[in-house]
$ cat protein-v3.cif   # mmCIF, C-alpha atoms
data_target
loop_
_atom_site.group_PDB
_atom_site.id
_atom_site.type_symbol
_atom_site.label_atom_id
_atom_site.label_comp_id
_atom_site.auth_asym_id
_atom_site.auth_seq_id
_atom_site.Cartn_x
_atom_site.Cartn_y
_atom_site.Cartn_z
ATOM 1 C CA MET A 1 -62.409 52.929 2.104
ATOM 2 C CA LYS A 2 -61.330 52.853 5.740
ATOM 3 C CA LEU A 3 -59.899 49.534 6.957
ATOM 4 C CA TYR A 4 -59.633 48.209 10.527
ATOM 5 C CA ARG A 5 -57.535 45.371 11.911
ATOM 6 C CA PHE A 6 -56.963 44.100 15.423
ATOM 7 C CA LEU A 7 -53.510 42.616 15.793
ATOM 8 C CA SER A 8 -52.919 40.209 18.674
ATOM 9 C CA ALA A 9 -50.230 37.796 19.841
ATOM 10 C CA ASP A 10 -48.306 36.658 22.890
ATOM 11 C CA ASP A 11 -46.476 39.529 24.598
ATOM 12 C CA THR A 12 -43.119 38.977 22.881
ATOM 13 C CA SER A 13 -40.974 40.885 20.423
ATOM 14 C CA ASP A 14 -42.904 39.081 17.645
ATOM 15 C CA PHE A 15 -45.953 41.170 18.542
ATOM 16 C CA CYS A 16 -43.907 44.363 18.358
ATOM 17 C CA HIS A 17 -42.605 43.317 14.935
ATOM 18 C CA LYS A 18 -46.171 42.606 13.757
ATOM 19 C CA VAL A 19 -47.306 46.105 14.761
ATOM 20 C CA THR A 20 -44.136 47.711 13.351
ATOM 21 C CA ASP A 21 -44.677 45.914 10.029
ATOM 22 C CA ALA A 22 -48.248 47.235 9.843
ATOM 23 C CA LEU A 23 -47.089 50.787 10.625
ATOM 24 C CA ASN A 24 -44.482 50.583 7.866
ATOM 25 C CA LYS A 25 -47.209 49.493 5.433
ATOM 26 C CA GLY A 26 -49.202 52.657 6.134
ATOM 27 C CA TRP A 27 -51.479 51.466 8.950
ATOM 28 C CA GLU A 28 -51.967 53.852 11.904
ATOM 29 C CA LEU A 29 -52.491 53.043 15.573
ATOM 30 C CA HIS A 30 -56.096 53.336 16.720
ATOM 31 C CA GLY A 31 -56.344 53.677 20.494
ATOM 32 C CA GLY A 32 -53.960 52.163 22.976
ATOM 33 C CA PRO A 33 -52.700 48.605 23.292
ATOM 34 C CA THR A 34 -54.489 46.012 25.421
ATOM 35 C CA TYR A 35 -53.008 43.299 27.621
ATOM 36 C CA ALA A 36 -54.592 40.239 29.207
ATOM 37 C CA PHE A 37 -53.412 37.099 30.908
ATOM 38 C CA ASP A 38 -54.221 33.924 28.933
ATOM 39 C CA ALA A 39 -54.760 31.505 31.834
ATOM 40 C CA ALA A 40 -55.202 28.500 29.527
ATOM 41 C CA ASN A 41 -51.696 28.940 28.128
ATOM 42 C CA GLY A 42 -50.082 30.782 31.050
ATOM 43 C CA VAL A 43 -48.907 33.770 28.978
ATOM 44 C CA MET A 44 -49.641 37.465 28.621
ATOM 45 C CA ARG A 45 -51.351 38.399 25.357
ATOM 46 C CA CYS A 46 -51.462 41.840 23.815
ATOM 47 C CA GLY A 47 -53.426 43.519 21.079
ATOM 48 C CA GLN A 48 -53.451 46.731 19.088
ATOM 49 C CA ALA A 49 -56.067 48.127 16.726
ATOM 50 C CA VAL A 50 -54.830 49.722 13.501
ATOM 51 C CA ILE A 51 -56.661 51.608 10.750
ATOM 52 C CA LYS A 52 -55.843 52.620 7.195
ATOM 53 C CA ASP A 53 -57.421 54.527 4.308
ATOM 54 C CA ALA A 54 -57.189 52.526 1.081
ATOM 55 C CA GLU A 55 -58.409 52.612 -2.495
ATOM 56 C CA GLY A 56 -61.432 50.582 -3.519
ATOM 57 C CA THR A 57 -64.723 49.521 -2.013
ATOM 58 C CA TYR A 58 -64.930 47.355 1.072
ATOM 59 C CA THR A 59 -66.537 43.916 0.871
ATOM 60 C CA PRO A 60 -66.367 41.060 3.390
ATOM 61 C CA ASP A 61 -63.910 39.376 0.991
ATOM 62 C CA THR A 62 -61.396 42.239 1.337
ATOM 63 C CA LYS A 63 -58.010 40.820 2.409
ATOM 64 C CA LEU A 64 -57.064 43.321 5.121
ATOM 65 C CA GLY A 65 -53.495 42.058 5.501
ATOM 66 C CA GLU A 66 -52.797 42.679 1.809
ATOM 67 C CA HIS A 67 -53.309 46.454 2.143
#
$ encode --input "protein-v3.cif" --output "structure tokens"
Amino acid sequence: MKLYRFLSADDTSDFCHKVTDALNKGWELHGGPTYAFDAANGVMRCGQAVIKDAEGTYTPDTKLGEH
């Protein structure tokens, strides 16, 4: 099955670590990163889509972060 996740967080090193962790678990970048200003909280937010091929059959109960 092909899995998709969209990782997002404030634009800090924590976001970079989140993406790096996913890459080291076999996820691959899908497209470029996105950035937006969160006016309610006064911070920049960023996001990155990642994809992965995995064993099994997808269901809505699939725990994406466990792959």
$ closest_residue --input "protein-v3.cif" --among "A:Glu66, A:Val50, A:Thr57, A:Leu3" --to "A:Leu29" --atoms "all atoms listed in the file"
A:Val50
$ closest_residue --input "protein-v3.cif" --among "A:Leu64, A:Met1, A:Ile51, A:Cys46" --to "A:Glu28" --atoms "all atoms listed in the file"
A:Ile51
$ resolve_selection --input "protein-v3.cif" --expression "the PyMOL selection byres ((chain A and resi 4) around 12)" --output "PDB file with C-alpha atoms, keeping the file's coordinate frame"
ATOM      1  CA  MET A   1     -62.409  52.929   2.104  1.00  0.00           C
ATOM      2  CA  LYS A   2     -61.330  52.853   5.740  1.00  0.00           C
ATOM      3  CA  LEU A   3     -59.899  49.534   6.957  1.00  0.00           C
ATOM      4  CA  ARG A   5     -57.535  45.371  11.911  1.00  0.00           C
ATOM      5  CA  PHE A   6     -56.963  44.100  15.423  1.00  0.00           C
ATOM      6  CA  LEU A   7     -53.510  42.616  15.793  1.00  0.00           C
ATOM      7  CA  ALA A  22     -48.248  47.235   9.843  1.00  0.00           C
ATOM      8  CA  TRP A  27     -51.479  51.466   8.950  1.00  0.00           C
ATOM      9  CA  GLU A  28     -51.967  53.852  11.904  1.00  0.00           C
ATOM     10  CA  LEU A  29     -52.491  53.043  15.573  1.00  0.00           C
ATOM     11  CA  HIS A  30     -56.096  53.336  16.720  1.00  0.00           C
ATOM     12  CA  GLY A  31     -56.344  53.677  20.494  1.00  0.00           C
ATOM     13  CA  GLN A  48     -53.451  46.731  19.088  1.00  0.00           C
ATOM     14  CA  ALA A  49     -56.067  48.127  16.726  1.00  0.00           C
ATOM     15  CA  VAL A  50     -54.830  49.722  13.501  1.00  0.00           C
ATOM     16  CA  ILE A  51     -56.661  51.608  10.750  1.00  0.00           C
ATOM     17  CA  LYS A  52     -55.843  52.620   7.195  1.00  0.00           C
ATOM     18  CA  ASP A  53     -57.421  54.527   4.308  1.00  0.00           C
ATOM     19  CA  ALA A  54     -57.189  52.526   1.081  1.00  0.00           C
ATOM     20  CA  TYR A  58     -64.930  47.355   1.072  1.00  0.00           C
ATOM     21  CA  THR A  62     -61.396  42.239   1.337  1.00  0.00           C
ATOM     22  CA  LYS A  63     -58.010  40.820   2.409  1.00  0.00           C
ATOM     23  CA  LEU A  64     -57.064  43.321   5.121  1.00  0.00           C
ATOM     24  CA  GLY A  65     -53.495  42.058   5.501  1.00  0.00           C
ATOM     25  CA  HIS A  67     -53.309  46.454   2.143  1.00  0.00           C
TER      26      HIS A  67
END
$ axis_aligned_box --input "protein-v3.cif" --around "stretch 32-40 of chain A" --padding-each-side "3 Å" --output "AutoDock Vina command-line options"
--center_x -54.0 --center_y 40.3 --center_z 27.4 --size_x 8.5 --size_y 29.7 --size_z 14.9
$ closest_residue --input "protein-v3.cif" --among "A:Thr20, A:Ser13, A:Thr59, A:Ser8" --to "A:Thr34" --atoms "only C-alpha atoms"
A:Ser8
$ atom_distance --input "protein-v3.cif" --atom1 "atom CA of A:Asp10" --atom2 "atom CA of A:Asp61"
27.0 Å
$ decode --input "protein-v3.cif" --residues "stretch 12-37 of chain A" --atoms "N, CA and C atoms" --output "mmCIF file, in the first residue's frame"
data_model
loop_
_atom_site.group_PDB
_atom_site.id
_atom_site.type_symbol
_atom_site.label_atom_id
_atom_site.label_comp_id
_atom_site.auth_asym_id
_atom_site.auth_seq_id
_atom_site.Cartn_x
_atom_site.Cartn_y
_atom_site.Cartn_z
ATOM 1 N N THR A 12 10.548 25.741 13.395
ATOM 2 C CA THR A 12 11.668 25.630 14.333
ATOM 3 C C THR A 12 12.463 24.380 13.977
ATOM 4 N N SER A 13 13.532 24.153 14.697
ATOM 5 C CA SER A 13 14.320 22.940 14.451
ATOM 6 C C SER A 13 13.501 21.683 14.768
ATOM 7 N N ASP A 14 12.480 21.795 15.612
ATOM 8 C CA ASP A 14 11.628 20.630 15.904
ATOM 9 C C ASP A 14 10.969 20.110 14.633
ATOM 10 N N PHE A 15 10.549 21.028 13.753
ATOM 11 C CA PHE A 15 9.952 20.597 12.490
ATOM 12 C C PHE A 15 10.976 19.838 11.652
ATOM 13 N N CYS A 16 12.176 20.367 11.575
ATOM 14 C CA CYS A 16 13.235 19.695 10.810
ATOM 15 C C CYS A 16 13.512 18.303 11.369
ATOM 16 N N HIS A 17 13.509 18.170 12.682
ATOM 17 C CA HIS A 17 13.718 16.857 13.302
ATOM 18 C C HIS A 17 12.563 15.911 12.986
ATOM 19 N N LYS A 18 11.342 16.436 12.942
ATOM 20 C CA LYS A 18 10.172 15.604 12.614
ATOM 21 C C LYS A 18 10.303 15.045 11.198
ATOM 22 N N VAL A 19 10.682 15.898 10.249
ATOM 23 C CA VAL A 19 10.849 15.447 8.865
ATOM 24 C C VAL A 19 12.037 14.486 8.761
ATOM 25 N N THR A 20 13.145 14.800 9.417
ATOM 26 C CA THR A 20 14.322 13.938 9.393
ATOM 27 C C THR A 20 14.000 12.562 9.965
ATOM 28 N N ASP A 21 13.233 12.518 11.042
ATOM 29 C CA ASP A 21 12.832 11.239 11.640
ATOM 30 C C ASP A 21 12.025 10.419 10.631
ATOM 31 N N ALA A 22 11.085 11.058 9.945
ATOM 32 C CA ALA A 22 10.280 10.346 8.952
ATOM 33 C C ALA A 22 11.165 9.815 7.820
ATOM 34 N N LEU A 23 12.101 10.630 7.347
ATOM 35 C CA LEU A 23 12.997 10.178 6.276
ATOM 36 C C LEU A 23 13.821 8.968 6.712
ATOM 37 N N ASN A 24 14.268 8.969 7.955
ATOM 38 C CA ASN A 24 15.059 7.852 8.465
ATOM 39 C C ASN A 24 14.229 6.602 8.721
ATOM 40 N N LYS A 25 12.912 6.743 8.720
ATOM 41 C CA LYS A 25 12.014 5.591 8.852
ATOM 42 C C LYS A 25 11.495 5.132 7.500
ATOM 43 N N GLY A 26 12.098 5.637 6.415
ATOM 44 C CA GLY A 26 11.761 5.161 5.080
ATOM 45 C C GLY A 26 10.759 6.007 4.318
ATOM 46 N N TRP A 27 10.240 7.079 4.909
ATOM 47 C CA TRP A 27 9.344 7.974 4.195
ATOM 48 C C TRP A 27 10.161 8.785 3.197
ATOM 49 N N GLU A 28 9.520 9.240 2.105
ATOM 50 C CA GLU A 28 10.179 10.056 1.094
ATOM 51 C C GLU A 28 9.429 11.366 0.939
ATOM 52 N N LEU A 29 10.174 12.443 0.654
ATOM 53 C CA LEU A 29 9.535 13.737 0.437
ATOM 54 C C LEU A 29 8.616 13.651 -0.771
ATOM 55 N N HIS A 30 7.500 14.350 -0.688
ATOM 56 C CA HIS A 30 6.546 14.407 -1.802
ATOM 57 C C HIS A 30 6.235 15.887 -2.040
ATOM 58 N N GLY A 31 6.855 16.457 -3.068
ATOM 59 C CA GLY A 31 6.686 17.883 -3.326
ATOM 60 C C GLY A 31 7.568 18.708 -2.407
ATOM 61 N N GLY A 32 7.408 20.010 -2.506
ATOM 62 C CA GLY A 32 8.221 20.908 -1.705
ATOM 63 C C GLY A 32 7.538 21.284 -0.407
ATOM 64 N N PRO A 33 8.273 21.914 0.488
ATOM 65 C CA PRO A 33 7.698 22.351 1.757
ATOM 66 C C PRO A 33 6.778 23.549 1.544
ATOM 67 N N THR A 34 5.896 23.790 2.500
ATOM 68 C CA THR A 34 5.024 24.959 2.474
ATOM 69 C C THR A 34 5.253 25.775 3.736
ATOM 70 N N TYR A 35 5.028 27.066 3.633
ATOM 71 C CA TYR A 35 5.189 27.975 4.769
ATOM 72 C C TYR A 35 4.007 28.927 4.798
ATOM 73 N N ALA A 36 3.541 29.249 5.986
ATOM 74 C CA ALA A 36 2.451 30.218 6.133
ATOM 75 C C ALA A 36 2.573 30.892 7.494
ATOM 76 N N PHE A 37 2.119 32.120 7.545
ATOM 77 C CA PHE A 37 2.125 32.854 8.796
ATOM 78 C C PHE A 37 0.847 32.553 9.556
#
